[in-house]
$ cat entry.tsv   # TSV, C-alpha atoms
chain	number	residue	atom	x	y	z
A	1	MET	CA	65.75	89.21	118.71
A	2	LYS	CA	66.89	92.46	117.07
A	3	PRO	CA	69.28	91.84	114.15
A	4	LEU	CA	72.89	92.83	114.68
A	5	LYS	CA	73.70	95.84	112.50
A	6	ILE	CA	77.21	95.54	111.04
A	7	PHE	CA	78.87	98.27	108.97
A	8	VAL	CA	81.91	97.27	106.89
A	9	VAL	CA	84.41	99.84	105.60
A	10	ASP	CA	87.06	98.95	103.02
A	11	ASP	CA	88.16	100.59	99.78
A	12	ASP	CA	88.73	97.18	98.22
A	13	PRO	CA	85.48	95.74	96.79
A	14	ILE	CA	86.84	92.17	97.02
A	15	GLN	CA	87.33	92.51	100.78
A	16	LEU	CA	83.83	93.98	101.22
A	17	GLU	CA	82.32	91.14	99.22
A	18	MET	CA	84.24	88.43	101.08
A	19	ILE	CA	83.40	89.78	104.54
A	20	THR	CA	79.68	90.17	103.82
A	21	ASP	CA	79.62	86.83	102.02
A	22	HIS	CA	81.22	85.00	104.95
A	23	LEU	CA	79.29	86.72	107.73
A	24	GLY	CA	76.09	86.78	105.66
A	25	LYS	CA	75.49	83.13	106.55
A	26	PHE	CA	74.35	84.37	109.95
A	27	LYS	CA	70.73	85.26	109.40
A	28	ASN	CA	70.62	87.64	112.33
A	29	PHE	CA	73.26	89.99	110.88
A	30	THR	CA	72.48	92.93	108.59
A	31	PHE	CA	75.16	94.76	106.62
A	32	GLN	CA	75.95	98.09	105.07
A	33	THR	CA	79.22	98.58	103.21
A	34	PHE	CA	81.23	101.76	102.67
A	35	ALA	CA	84.27	102.50	100.50
A	36	THR	CA	85.49	105.35	102.71
A	37	GLY	CA	85.46	106.40	106.34
A	38	GLU	CA	83.85	109.69	105.37
A	39	LYS	CA	80.84	107.86	103.89
A	40	LEU	CA	80.58	105.72	107.02
A	41	LEU	CA	80.60	108.77	109.31
A	42	GLU	CA	77.70	110.26	107.32
A	43	LYS	CA	75.64	107.20	108.34
A	44	ILE	CA	76.90	106.74	111.88
A	45	SER	CA	73.63	108.18	113.26
A	46	GLU	CA	72.02	104.90	112.15
A	47	LYS	CA	73.76	103.37	115.18
A	48	PRO	CA	75.52	100.22	114.00
A	49	ASP	CA	76.32	97.62	116.66
A	50	ILE	CA	79.68	96.69	115.13
A	51	ILE	CA	81.94	98.32	112.56
A	52	ILE	CA	84.59	96.34	110.67
A	53	LEU	CA	87.07	99.00	109.65
A	54	ASP	CA	90.03	98.78	107.27
A	55	TYR	CA	93.19	100.39	108.61
A	56	ASN	CA	94.44	101.62	105.21
A	57	LEU	CA	91.71	103.49	103.40
A	58	ASP	CA	93.90	105.46	101.02
A	59	THR	CA	94.40	103.01	98.14
A	60	VAL	CA	91.80	104.59	95.87
A	61	ASP	CA	91.89	108.12	97.23
A	62	LYS	CA	95.19	109.20	98.78
A	63	ASN	CA	93.43	112.01	100.63
A	64	ALA	CA	90.81	109.74	102.21
A	65	MET	CA	90.67	109.55	106.02
A	66	GLU	CA	92.84	106.78	107.44
A	67	GLY	CA	91.20	103.98	109.42
A	68	VAL	CA	92.71	105.00	112.73
A	69	ASP	CA	91.34	108.56	112.34
A	70	VAL	CA	87.91	107.16	111.49
A	71	LEU	CA	88.15	104.93	114.58
A	72	GLN	CA	88.79	107.95	116.82
A	73	GLU	CA	85.84	109.82	115.28
A	74	ILE	CA	83.53	106.84	115.83
A	75	LYS	CA	84.57	106.55	119.47
A	76	LYS	CA	84.06	110.29	119.99
A	77	ILE	CA	80.54	110.04	118.57
A	78	ASP	CA	79.46	106.81	120.28
A	79	ASP	CA	81.78	104.83	122.51
A	80	SER	CA	79.37	101.88	122.68
A	81	ILE	CA	79.91	100.95	119.01
A	82	GLU	CA	82.42	98.10	118.88
A	83	VAL	CA	85.06	98.41	116.15
A	84	ILE	CA	87.06	95.54	114.67
A	85	MET	CA	90.11	96.84	112.83
A	86	TYR	CA	91.01	94.98	109.67
A	87	SER	CA	94.38	95.38	108.01
A	88	GLY	CA	97.01	93.92	105.74
A	89	GLN	CA	99.61	95.09	108.27
A	90	ASP	CA	100.87	92.18	110.28
A	91	ASN	CA	102.38	94.56	112.77
A	92	ILE	CA	101.94	94.39	116.54
A	93	GLU	CA	102.53	98.13	116.98
A	94	VAL	CA	99.68	98.95	114.61
A	95	ALA	CA	97.43	96.52	116.45
A	96	VAL	CA	98.32	98.02	119.85
A	97	GLU	CA	97.77	101.55	118.51
A	98	THR	CA	94.25	100.71	117.33
A	99	MET	CA	93.38	98.98	120.62
A	100	ARG	CA	94.61	102.05	122.47
A	101	PHE	CA	92.13	104.11	120.47
A	102	GLY	CA	89.32	101.79	121.53
A	103	ALA	CA	89.18	99.04	118.90
A	104	PHE	CA	87.75	95.79	120.27
A	105	ASP	CA	90.18	93.65	118.28
A	106	TYR	CA	92.50	93.62	115.29
A	107	VAL	CA	92.42	91.19	112.37
A	108	THR	CA	95.11	90.75	109.70
A	109	LYS	CA	93.96	90.22	106.11
A	110	THR	CA	94.88	86.58	105.66
A	111	PRO	CA	92.78	83.57	104.62
A	112	SER	CA	92.04	82.87	108.30
A	113	ALA	CA	90.70	86.41	108.86
A	114	PHE	CA	87.08	85.55	108.13
A	115	HIS	CA	86.82	82.85	110.79
A	116	ARG	CA	88.64	85.10	113.22
A	117	MET	CA	86.18	87.90	112.54
A	118	GLU	CA	83.27	85.56	113.14
A	119	ASN	CA	84.76	84.53	116.51
A	120	ILE	CA	85.35	88.16	117.50
A	121	ILE	CA	81.73	89.06	116.72
A	122	HIS	CA	80.55	86.21	118.95
A	123	ARG	CA	82.95	87.43	121.63
A	124	ILE	CA	81.46	90.95	121.34
A	125	LEU	CA	77.97	89.50	121.77
A	126	LYS	CA	79.09	87.56	124.84
A	127	PHE	CA	80.81	90.64	126.21
A	128	ARG	CA	77.63	92.70	125.73
A	129	GLU	CA	75.59	90.00	127.46
A	130	LEU	CA	77.99	89.99	130.42
A	131	ARG	CA	77.97	93.78	130.53
A	132	SER	CA	74.19	93.83	130.64
A	133	ASP	CA	74.17	91.07	133.32
A	134	ALA	CA	76.67	93.10	135.35
A	135	LYS	CA	74.40	96.17	135.07
A	136	ARG	CA	71.41	94.09	136.18
A	137	TYR	CA	73.31	92.63	139.17
A	138	LYS	CA	74.55	96.08	140.13
A	139	LEU	CA	70.96	97.31	140.09
A	140	MET	CA	69.87	94.31	142.18
A	141	VAL	CA	72.61	95.00	144.74
A	142	GLN	CA	71.55	98.65	144.87
A	143	MET	CA	67.90	97.63	145.32
A	144	ALA	CA	68.89	95.15	148.05
A	145	GLY	CA	70.82	97.95	149.74
A	146	TYR	CA	67.78	100.21	149.63
A	147	ALA	CA	65.60	97.38	151.00
A	148	ILE	CA	67.95	96.92	153.97
A	149	VAL	CA	67.95	100.66	154.68
A	150	ILE	CA	64.15	100.74	154.49
A	151	ALA	CA	63.86	97.67	156.76
A	152	VAL	CA	66.23	99.23	159.33
A	153	ALA	CA	64.34	102.52	159.15
A	154	LEU	CA	61.02	100.74	159.59
A	155	THR	CA	62.39	98.81	162.59
A	156	ILE	CA	63.53	102.06	164.18
A	157	ILE	CA	60.18	103.74	163.49
A	158	LEU	CA	58.26	100.77	164.88
A	159	LYS	CA	60.47	100.72	167.95
A	160	LEU	CA	59.91	104.42	168.51
A	161	MET	CA	56.17	103.94	168.06
A	162	GLY	CA	56.32	101.07	170.55
A	163	ILE	CA	58.10	103.28	173.05
A	164	GLN	CA	55.54	106.03	172.59
A	165	VAL	CA	52.46	103.79	172.75
A	166	PHE	CA	53.49	101.10	175.21
A	167	GLY	CA	56.52	102.57	176.85
A	168	TRP	CA	58.72	99.70	175.57
A	169	VAL	CA	62.43	100.04	176.04
A	170	ASN	CA	65.08	97.51	174.96
B	1	MET	CA	103.64	73.23	87.84
B	2	SER	CA	100.62	75.25	88.87
B	3	LEU	CA	101.30	78.76	90.19
B	4	THR	CA	97.88	79.16	91.74
B	5	ASN	CA	96.06	77.08	94.30
B	6	LEU	CA	92.35	77.69	94.71
B	7	SER	CA	91.89	75.51	97.79
B	8	PHE	CA	91.21	78.54	100.02
B	9	ILE	CA	88.65	79.96	97.57
B	10	GLN	CA	86.99	76.55	97.27
B	11	GLN	CA	86.84	76.17	101.03
B	12	PHE	CA	85.68	79.78	101.51
B	13	THR	CA	82.88	79.43	98.95
B	14	GLY	CA	81.89	75.96	100.16
B	15	ASN	CA	82.82	74.57	96.72
B	16	ASP	CA	80.28	76.83	95.03
B	17	PRO	CA	81.63	77.34	91.46
B	18	VAL	CA	79.54	80.46	90.89
B	19	LYS	CA	80.99	82.16	93.96
B	20	ALA	CA	84.51	80.91	93.20
B	21	LYS	CA	84.21	82.33	89.69
B	22	LYS	CA	83.00	85.64	91.13
B	23	TYR	CA	86.12	85.99	93.31
B	24	ILE	CA	88.50	84.94	90.53
B	25	SER	CA	86.83	87.47	88.20
B	26	MET	CA	87.15	90.19	90.85
B	27	PHE	CA	90.84	89.36	91.25
B	28	LEU	CA	91.36	89.39	87.47
B	29	ALA	CA	89.62	92.75	87.26
B	30	SER	CA	91.67	94.25	90.07
B	31	ALA	CA	95.20	92.78	89.98
B	32	PRO	CA	96.41	94.03	86.55
B	33	GLY	CA	95.39	97.59	87.48
B	34	LEU	CA	97.26	97.40	90.78
B	35	VAL	CA	100.38	96.08	89.02
B	36	SER	CA	100.17	98.91	86.44
B	37	LYS	CA	99.87	101.46	89.23
B	38	MET	CA	102.93	99.93	90.92
B	39	GLU	CA	104.92	100.14	87.67
B	40	HIS	CA	103.90	103.73	87.09
B	41	ALA	CA	104.71	104.61	90.68
B	42	ILE	CA	108.27	103.31	90.43
B	43	GLU	CA	108.77	105.19	87.16
B	44	ILE	CA	107.96	108.47	88.88
B	45	SER	CA	109.65	107.44	92.17
B	46	ASP	CA	106.35	107.63	94.03
B	47	PHE	CA	107.24	105.00	96.61
B	48	ASP	CA	104.25	105.68	98.78
B	49	THR	CA	101.84	104.82	95.95
B	50	LEU	CA	103.94	101.75	95.20
B	51	ARG	CA	103.71	100.67	98.83
B	52	ILE	CA	99.94	101.29	99.05
B	53	ASN	CA	99.21	99.25	95.91
B	54	ALA	CA	101.53	96.42	96.97
B	55	HIS	CA	99.75	96.43	100.31
B	56	SER	CA	96.36	96.06	98.58
B	57	LEU	CA	97.54	93.27	96.35
B	58	LYS	CA	99.15	91.29	99.19
B	59	PRO	CA	96.01	89.63	100.66
B	60	LEU	CA	94.54	88.98	97.22
B	61	ILE	CA	97.63	86.97	96.29
B	62	SER	CA	97.13	84.83	99.39
B	63	TYR	CA	93.45	84.28	98.59
B	64	MET	CA	94.33	83.08	95.07
B	65	GLY	CA	96.98	80.76	96.52
B	66	ILE	CA	99.88	82.28	94.56
B	67	ALA	CA	102.36	81.05	97.15
B	68	THR	CA	105.50	81.95	95.18
B	69	LEU	CA	104.50	85.63	95.20
B	70	GLU	CA	103.53	85.96	98.87
B	71	GLN	CA	107.04	86.84	100.03
B	72	PRO	CA	108.00	88.99	96.99
B	73	ILE	CA	104.93	91.24	97.43
B	74	LYS	CA	105.74	91.65	101.15
B	75	ASP	CA	109.32	92.55	100.21
B	76	ILE	CA	108.16	95.11	97.62
B	77	GLU	CA	105.86	96.71	100.19
B	78	SER	CA	108.61	96.78	102.78
B	79	TYR	CA	111.29	98.12	100.38
B	80	ALA	CA	108.88	100.77	99.09
B	81	ALA	CA	108.21	101.87	102.66
B	82	ASN	CA	111.91	102.29	103.32
B	83	THR	CA	112.94	103.32	99.77
B	84	THR	CA	116.39	101.98	100.48
B	85	ASN	CA	117.45	100.61	97.14
B	86	VAL	CA	115.55	101.71	94.04
B	87	ASP	CA	117.43	99.40	91.66
B	88	THR	CA	116.66	96.37	93.81
B	89	LEU	CA	113.06	97.48	94.08
B	90	ARG	CA	112.79	97.86	90.30
B	91	ALA	CA	114.29	94.38	89.75
B	92	MET	CA	111.93	92.90	92.34
B	93	LEU	CA	108.94	94.49	90.65
B	94	GLU	CA	110.01	93.27	87.20
B	95	ALA	CA	110.39	89.69	88.46
B	96	PHE	CA	107.08	90.00	90.29
B	97	LYS	CA	105.32	91.23	87.15
B	98	ILE	CA	106.52	88.27	85.08
B	99	GLU	CA	105.22	85.80	87.67
B	100	ILE	CA	101.89	87.49	88.31
B	101	GLU	CA	101.17	87.69	84.59
B	102	LYS	CA	101.65	83.92	84.41
B	103	ALA	CA	99.39	83.46	87.44
B	104	ILE	CA	96.75	85.72	85.86
B	105	GLU	CA	96.78	83.65	82.66
B	106	GLU	CA	96.43	80.47	84.71
B	107	LEU	CA	93.52	81.93	86.66
B	108	LYS	CA	91.78	82.93	83.43
B	109	VAL	CA	91.87	79.28	82.35
B	110	LYS	CA	90.60	78.12	85.77
B	111	GLU	CA	87.86	80.76	85.71
B	112	ALA	CA	86.71	79.62	82.26
B	113	SER	CA	86.58	76.01	83.42
B	114	LEU	CA	84.21	76.78	86.30

$ encode --input "entry.tsv" --output "C-alpha cells"
Amino acid sequence: MKPLKIFVVDDDPIQLEMITDHLGKFKNFTFQTFATGEKLLEKISEKPDIIILDYNLDTVDKNAMEGVDVLQEIKKIDDSIEVIMYSGQDNIEVAVETMRFGAFDYVTKTPSAFHRMENIIHRILKFRELRSDAKRYKLMVQMAGYAIVIAVALTIILKLMGIQVFGWVN
Amino acid sequence: MSLTNLSFIQQFTGNDPVKAKKYISMFLASAPGLVSKMEHAIEISDFDTLRINAHSLKPLISYMGIATLEQPIKDIESYAANTTNVDTLRAMLEAFKIEIEKAIEELKVKEASL
C-alpha cells in the first residue's frame, strides 16, 4: 500500500515536532514539515494526500501568508488534497470559515488535539475509500445500463432478422 | 505547591524521559523569548504583536500543565485583541511574567532530573 504523504505547516517548531512525533507511530505515514505557507506552496506539486495547516502563520514573520489564504491557494491548485486546519483559536466562526473554504476539519491546539488529528486522518482514509467505492459502483451501474441497451438492441436486431429470414411476426 | 504538571507530556511521550526532556527543553528555549516579545510589544503599544505571541504561548502552557496560567494567557490574548484597557493589560502581563518565571525555574529542575 502506498504510504500516506502528510505535509505539516506551522511556524512553531514545538507543534511541528509534536505532530510528527505523535503521527509518526503510524508506519504508513510520511511527513514533510514547513514553517510557512509559502514554502509549502513551493512543494505542492509533490502532491501530498493530507496537509495539516496552522491557521496563524504570522508569529515569526508578520508578513507571512495566513493559514486561511494558504488553504484557498491549495484548494485552487488541487481540490483533492484534504486539509486539516490547526489553530489555537477556540472559535466556532473561525472553524466555520475554514470549512467554507474547503478544510476537511478543524482542530484546536489543546492536549487532546493529537488524538483528534489521528481520528480525522482515519476518517479521511475512510472517506476516500467510500468515494472510490462510490465511483466503482457508479461505473458498474453505467456498465449495467450499457449491457441492457446492448441486450435490447440485440433482441431487436435478432427479431428483425427473424422476420426477414423466416417471416416471424409477434 | 507545584506550578507545573507534566502528566500530559508523560502520557504523550509514553513515559519516555528522553522525549519528555526534548519537549521541556523546547519549551524552555521558546517561552522566555515569547514573554520578552510580549513585554516589548506592550512598551511600544503594539497590541497585535502582543496578541500573536500570547496566542503562540497559550498551547505550550497547556502542554506543560501550568494550569494557573491557562486563563491569564487567554485573557491577555483577548485584551490585546480588543486593546480596551492598556493599564489592565500591563498589570496582567506583569503578574503573568512573575508566575511564568517561577514555572520556568521549576521546569528547569524537572528537566535536569530526567

$ interface_residues --input "entry.tsv" --of "chain B" --to "chain A" --cutoff "9 Å" --atoms "only C-alpha atoms" --output "JSON, numbers by chain"
{"B": [8, 9, 12, 13, 23, 26, 27, 30, 49, 52, 53, 55, 56, 58, 59, 60, 62, 63]}

$ atom_distance --input "entry.tsv" --atom1 "CA of Leu23 (chain A)" --atom2 "CA of Lys39 (chain A)"
21.5 Å

$ closest_residue --input "entry.tsv" --among "A:Asp10, A:Asp54, A:Asp90, A:Glu46" --to "Thr33 (chain A)" --atoms "all atoms listed in the file"
A:Asp10

$ residues_near_point --input "entry.tsv" --point "(102.1, 77.3, 86.2)" --cutoff "7 Å" --atoms "all atoms listed in the file" --output "PyMOL selection string"
chain B and resi 1-3+102-103+106

$ write_last_selection --input "entry.tsv" --atoms "C-alpha atoms" --output "PDB file, in the frame of the given file"
ATOM      1  CA  MET B   1     103.640  73.230  87.840  1.00  0.00           C
ATOM      2  CA  SER B   2     100.620  75.250  88.870  1.00  0.00           C
ATOM      3  CA  LEU B   3     101.300  78.760  90.190  1.00  0.00           C
ATOM      4  CA  LYS B 102     101.650  83.920  84.410  1.00  0.00           C
ATOM      5  CA  ALA B 103      99.390  83.460  87.440  1.00  0.00           C
ATOM      6  CA  GLU B 106      96.430  80.470  84.710  1.00  0.00           C
TER       7      GLU B 106
END

$ closest_residue --input "entry.tsv" --among "A:Ile19, A:Ala35, A:Met99, A:Ala151" --to "Asp61 (chain A)" --atoms "all atoms listed in the file"
A:Ala35

$ atom_distance --input "entry.tsv" --atom1 "CA of Lys22 (chain B)" --atom2 "CA of Gln32 (chain A)"
20.0 Å

$ decode --input "entry.tsv" --residues "region 113-132 of chain A" --atoms "N, CA and C atoms" --output "PDB file, in the first residue's frame"
ATOM      1  N   ALA A 113      -5.576  17.492  21.008  1.00  0.00           N
ATOM      2  CA  ALA A 113      -5.523  17.727  19.557  1.00  0.00           C
ATOM      3  C   ALA A 113      -4.896  16.564  18.790  1.00  0.00           C
ATOM      4  N   PHE A 114      -3.898  15.935  19.373  1.00  0.00           N
ATOM      5  CA  PHE A 114      -3.136  14.925  18.637  1.00  0.00           C
ATOM      6  C   PHE A 114      -3.962  13.663  18.371  1.00  0.00           C
ATOM      7  N   HIS A 115      -4.763  13.281  19.372  1.00  0.00           N
ATOM      8  CA  HIS A 115      -5.651  12.128  19.172  1.00  0.00           C
ATOM      9  C   HIS A 115      -6.753  12.480  18.181  1.00  0.00           C
ATOM     10  N   ARG A 116      -7.215  13.721  18.276  1.00  0.00           N
ATOM     11  CA  ARG A 116      -8.271  14.166  17.365  1.00  0.00           C
ATOM     12  C   ARG A 116      -7.767  14.139  15.921  1.00  0.00           C
ATOM     13  N   MET A 117      -6.537  14.591  15.758  1.00  0.00           N
ATOM     14  CA  MET A 117      -5.937  14.627  14.421  1.00  0.00           C
ATOM     15  C   MET A 117      -5.812  13.214  13.828  1.00  0.00           C
ATOM     16  N   GLU A 118      -5.415  12.311  14.692  1.00  0.00           N
ATOM     17  CA  GLU A 118      -5.277  10.899  14.293  1.00  0.00           C
ATOM     18  C   GLU A 118      -6.642  10.360  13.822  1.00  0.00           C
ATOM     19  N   ASN A 119      -7.693  10.674  14.587  1.00  0.00           N
ATOM     20  CA  ASN A 119      -9.042  10.216  14.211  1.00  0.00           C
ATOM     21  C   ASN A 119      -9.488  10.840  12.889  1.00  0.00           C
ATOM     22  N   ILE A 120      -9.170  12.105  12.709  1.00  0.00           N
ATOM     23  CA  ILE A 120      -9.577  12.783  11.461  1.00  0.00           C
ATOM     24  C   ILE A 120      -8.877  12.140  10.269  1.00  0.00           C
ATOM     25  N   ILE A 121      -7.592  11.827  10.429  1.00  0.00           N
ATOM     26  CA  ILE A 121      -6.857  11.196   9.311  1.00  0.00           C
ATOM     27  C   ILE A 121      -7.498   9.859   8.958  1.00  0.00           C
ATOM     28  N   HIS A 122      -7.882   9.091   9.963  1.00  0.00           N
ATOM     29  CA  HIS A 122      -8.548   7.814   9.681  1.00  0.00           C
ATOM     30  C   HIS A 122      -9.907   8.046   9.013  1.00  0.00           C
ATOM     31  N   ARG A 123     -10.562   9.136   9.414  1.00  0.00           N
ATOM     32  CA  ARG A 123     -11.851   9.468   8.784  1.00  0.00           C
ATOM     33  C   ARG A 123     -11.639   9.848   7.308  1.00  0.00           C
ATOM     34  N   ILE A 124     -10.551  10.568   7.035  1.00  0.00           N
ATOM     35  CA  ILE A 124     -10.244  10.945   5.642  1.00  0.00           C
ATOM     36  C   ILE A 124     -10.003   9.680   4.813  1.00  0.00           C
ATOM     37  N   LEU A 125      -9.264   8.737   5.395  1.00  0.00           N
ATOM     38  CA  LEU A 125      -8.978   7.492   4.668  1.00  0.00           C
ATOM     39  C   LEU A 125     -10.272   6.733   4.365  1.00  0.00           C
ATOM     40  N   LYS A 126     -11.168   6.707   5.353  1.00  0.00           N
ATOM     41  CA  LYS A 126     -12.453   6.023   5.184  1.00  0.00           C
ATOM     42  C   LYS A 126     -13.282   6.729   4.100  1.00  0.00           C
ATOM     43  N   PHE A 127     -13.260   8.057   4.190  1.00  0.00           N
ATOM     44  CA  PHE A 127     -13.996   8.877   3.229  1.00  0.00           C
ATOM     45  C   PHE A 127     -13.492   8.619   1.808  1.00  0.00           C
ATOM     46  N   ARG A 128     -12.154   8.538   1.662  1.00  0.00           N
ATOM     47  CA  ARG A 128     -11.568   8.281   0.336  1.00  0.00           C
ATOM     48  C   ARG A 128     -11.969   6.893  -0.182  1.00  0.00           C
ATOM     49  N   GLU A 129     -11.991   5.931   0.750  1.00  0.00           N
ATOM     50  CA  GLU A 129     -12.369   4.562   0.392  1.00  0.00           C
ATOM     51  C   GLU A 129     -13.821   4.554  -0.104  1.00  0.00           C
ATOM     52  N   LEU A 130     -14.692   5.255   0.637  1.00  0.00           N
ATOM     53  CA  LEU A 130     -16.109   5.301   0.249  1.00  0.00           C
ATOM     54  C   LEU A 130     -16.276   6.007  -1.094  1.00  0.00           C
ATOM     55  N   ARG A 131     -15.471   7.090  -1.268  1.00  0.00           N
ATOM     56  CA  ARG A 131     -15.565   7.839  -2.522  1.00  0.00           C
ATOM     57  C   ARG A 131     -15.139   6.951  -3.693  1.00  0.00           C
ATOM     58  N   SER A 132     -14.084   6.151  -3.473  1.00  0.00           N
ATOM     59  CA  SER A 132     -13.634   5.301  -4.570  1.00  0.00           C
ATOM     60  C   SER A 132     -14.617   4.150  -4.802  1.00  0.00           C
TER      61      SER A 132
END
